[in-house]
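Q: Below is one structure. I have some questions about it.
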Amino acid sequence: MSISQPINITADAVIFSRENQELNLLLIKRKNKPFKNHWALPGGFVDADELVVKACQRELKEETHLELNSDQLKFLGYYDKQDRDPRSRTIAFAFLAVIDNNTKVKADDDAVEAQWFNLQNLPELAFDHLEVINDAQKIYQTKIL
């Protein structure tokens with residue numbers, strides 16, 4: 001018996017930066033629909049032949065030119081609400097990394113902008129990314145990565 005499920009998998013990166021006693025977050029402005037020109041976490045679809053963490057690394061590099069190794073990316077959680085992506089049923093796996101300064105980033109691929117934001121002053125976000133960020137903040141505050 002063959003099983004066919006129309007489910008997509010994505011990988012999202014929550015990258016915190018500690019600079020001048022402030023905690024910042026890396027966001028990209030989306031180039032494409034849905035949520036075109038809205039801010040979002042760097043991330044995207046997992047290719048059929050890649051591990052989810054590798055997809056997270058690839059998307060982060062493609063959209064921001066920031067390169068992190070898989071040891072730096074810690075699994076945060078999965079997000080599977082049925083309506084989280086208006087295109088189709090999509091399950092996202094989120095990864096968290098904390099770096100020590102606001103490394104220079106450059107938008108590319110599916111991003112028109114890449115920018116660091118103070119966590120206390122975030123723009124309106126696409127998808128359910130605020131929920132993902134809030135979960136990451138809780139982990140950061142309890143574990144101090």
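For the structure tokens, the naming scheme is as follows: chains receive sequential letters (A, B, ...) according to their order of presentation, residues are indexed from 1 within each chain, and ligands are indexed from 1 in presentation order.
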Per DSSP on the backbone, what are the strand (DSSP E or B) residues of chain A, as a PyMOL selection string?

A: chain A and resi 7-19+22-30+39-40+43-45+74-79+89-99+111-118+125

Q: Have a look at A:Ala55, A:Ala126, A:Leu96, A:Leu60 and name the one nearest to A:Asp109; count only C-alpha atoms.

A: A:Leu60

Q: Which residues are near A:Val112? Cut-off 8 Å, only C-alpha atoms, ignore same chain within fewer than 3 positions. Put them as a short mmCIF file (atom, residue, chain, number, x, y, z; two decimals) with N, CA and C atoms, in the first residue's frame.

A:
```
data_model
loop_
_atom_site.label_atom_id
_atom_site.label_comp_id
_atom_site.auth_asym_id
_atom_site.auth_seq_id
_atom_site.Cartn_x
_atom_site.Cartn_y
_atom_site.Cartn_z
N ILE A 28 14.68 38.17 7.87
CA ILE A 28 14.74 38.50 6.45
C ILE A 28 13.39 39.06 6.02
N LYS A 29 13.42 39.93 5.01
CA LYS A 29 12.18 40.39 4.39
C LYS A 29 11.94 39.51 3.18
N ARG A 30 10.76 38.91 3.13
CA ARG A 30 10.43 37.94 2.08
C ARG A 30 10.28 38.58 0.72
N LYS A 31 10.83 37.91 -0.29
CA LYS A 31 10.74 38.38 -1.67
C LYS A 31 9.47 37.88 -2.36
N ASN A 37 7.20 40.85 1.27
CA ASN A 37 7.63 42.08 1.95
C ASN A 37 7.35 42.10 3.44
N ALA A 107 21.23 40.16 2.22
CA ALA A 107 20.07 39.47 1.66
C ALA A 107 20.39 38.89 0.30
N ASP A 108 19.81 37.71 0.04
CA ASP A 108 19.99 37.06 -1.24
C ASP A 108 18.89 36.01 -1.39
N ASP A 109 18.81 35.39 -2.54
CA ASP A 109 17.87 34.31 -2.84
C ASP A 109 16.43 34.78 -2.62
#
```

Q: Using only C-alpha atoms, pick whichever of A:Lys143, A:Lys33, A:His129, A:Lys138 has the shortest atom-to-atom distance to A:Val14.

A: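 Of all the options, A:His129 lies closest to A:Val14.
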
Q: Run DSSP on the backbone and tell me which residues of chain A come out as alpha helix (DSSP H); list them as a PyMOL selection string.

A: chain A and resi 52-64+129-143

Q: Excluding stretch 74-80 of chain A and its own-chain neighbours fewer than 4 positions away, which residues fall within 7 Å of it when counting only C-alpha atoms? Please give them as a PyMOL selection string.

A: chain A and resi 90-97+136

Q: Any chance you could export the current selection's N, CA and C atoms as a PDB file, in the first residue's frame?

A:
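Saved result, again38.pdb, follows:
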```pdb
ATOM      1  N   THR A  90       2.157  22.428   6.085  1.00  0.00           N
ATOM      2  CA  THR A  90       3.604  22.533   6.214  1.00  0.00           C
ATOM      3  C   THR A  90       4.002  22.371   7.669  1.00  0.00           C
ATOM      4  N   ILE A  91       4.964  21.515   7.903  1.00  0.00           N
ATOM      5  CA  ILE A  91       5.517  21.325   9.243  1.00  0.00           C
ATOM      6  C   ILE A  91       6.915  21.936   9.248  1.00  0.00           C
ATOM      7  N   ALA A  92       7.143  22.829  10.190  1.00  0.00           N
ATOM      8  CA  ALA A  92       8.434  23.505  10.294  1.00  0.00           C
ATOM      9  C   ALA A  92       9.230  22.952  11.465  1.00  0.00           C
ATOM     10  N   PHE A  93      10.514  22.749  11.221  1.00  0.00           N
ATOM     11  CA  PHE A  93      11.452  22.398  12.275  1.00  0.00           C
ATOM     12  C   PHE A  93      12.322  23.620  12.511  1.00  0.00           C
ATOM     13  N   ALA A  94      12.346  24.098  13.748  1.00  0.00           N
ATOM     14  CA  ALA A  94      13.086  25.319  14.070  1.00  0.00           C
ATOM     15  C   ALA A  94      14.356  24.974  14.836  1.00  0.00           C
ATOM     16  N   PHE A  95      15.407  25.739  14.511  1.00  0.00           N
ATOM     17  CA  PHE A  95      16.698  25.580  15.156  1.00  0.00           C
ATOM     18  C   PHE A  95      17.127  26.923  15.729  1.00  0.00           C
ATOM     19  N   LEU A  96      17.832  26.874  16.854  1.00  0.00           N
ATOM     20  CA  LEU A  96      18.270  28.072  17.568  1.00  0.00           C
ATOM     21  C   LEU A  96      19.787  28.111  17.646  1.00  0.00           C
ATOM     22  N   ALA A  97      20.342  29.297  17.405  1.00  0.00           N
ATOM     23  CA  ALA A  97      21.775  29.526  17.605  1.00  0.00           C
ATOM     24  C   ALA A  97      21.951  30.888  18.251  1.00  0.00           C
ATOM     25  N   ALA A 136      11.848  30.364  21.511  1.00  0.00           N
ATOM     26  CA  ALA A 136      13.309  30.474  21.541  1.00  0.00           C
ATOM     27  C   ALA A 136      13.769  31.358  22.701  1.00  0.00           C
TER      28      ALA A 136
END
```

Q: Between stretch 85-123 of chain A and stretch 62-67 of chain A, at 8 Å or less, what are the per-residue closest atom pairs and their distances in Å? Count only C-alpha atoms, order by chain and rising residue number, and return it as JSON lines.

A:
```
{"residue": "A:Thr103", "atom": "CA", "partner": "A:Leu66", "partner_atom": "CA", "distance": 7.7}
{"residue": "A:Lys104", "atom": "CA", "partner": "A:Leu66", "partner_atom": "CA", "distance": 7.9}
{"residue": "A:Val105", "atom": "CA", "partner": "A:Thr64", "partner_atom": "CA", "distance": 5.2}
{"residue": "A:Lys106", "atom": "CA", "partner": "A:Thr64", "partner_atom": "CA", "distance": 5.0}
{"residue": "A:Ala107", "atom": "CA", "partner": "A:Thr64", "partner_atom": "CA", "distance": 4.9}
{"residue": "A:Asp108", "atom": "CA", "partner": "A:Glu63", "partner_atom": "CA", "distance": 4.7}
{"residue": "A:Asp109", "atom": "CA", "partner": "A:Glu63", "partner_atom": "CA", "distance": 5.4}
{"residue": "A:Asp110", "atom": "CA", "partner": "A:Glu63", "partner_atom": "CA", "distance": 6.2}
{"residue": "A:Ala111", "atom": "CA", "partner": "A:Glu63", "partner_atom": "CA", "distance": 5.6}
{"residue": "A:Ala114", "atom": "CA", "partner": "A:Thr64", "partner_atom": "CA", "distance": 6.0}
```

Q: Smallest atom-to-atom distance to A:Leu73: which of A:Gln115, A:Gln57, A:Asn134, A:Ser88, using only C-alpha atoms?

A: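 For A:Leu73, the nearest of the given residues is A:Gln57.
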
Q: Could you check how far atom CA of A:Glu124 sits from atom CA of A:Lys61, in Å to one decimal?

A: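 A separation of 23.1 Å between them.
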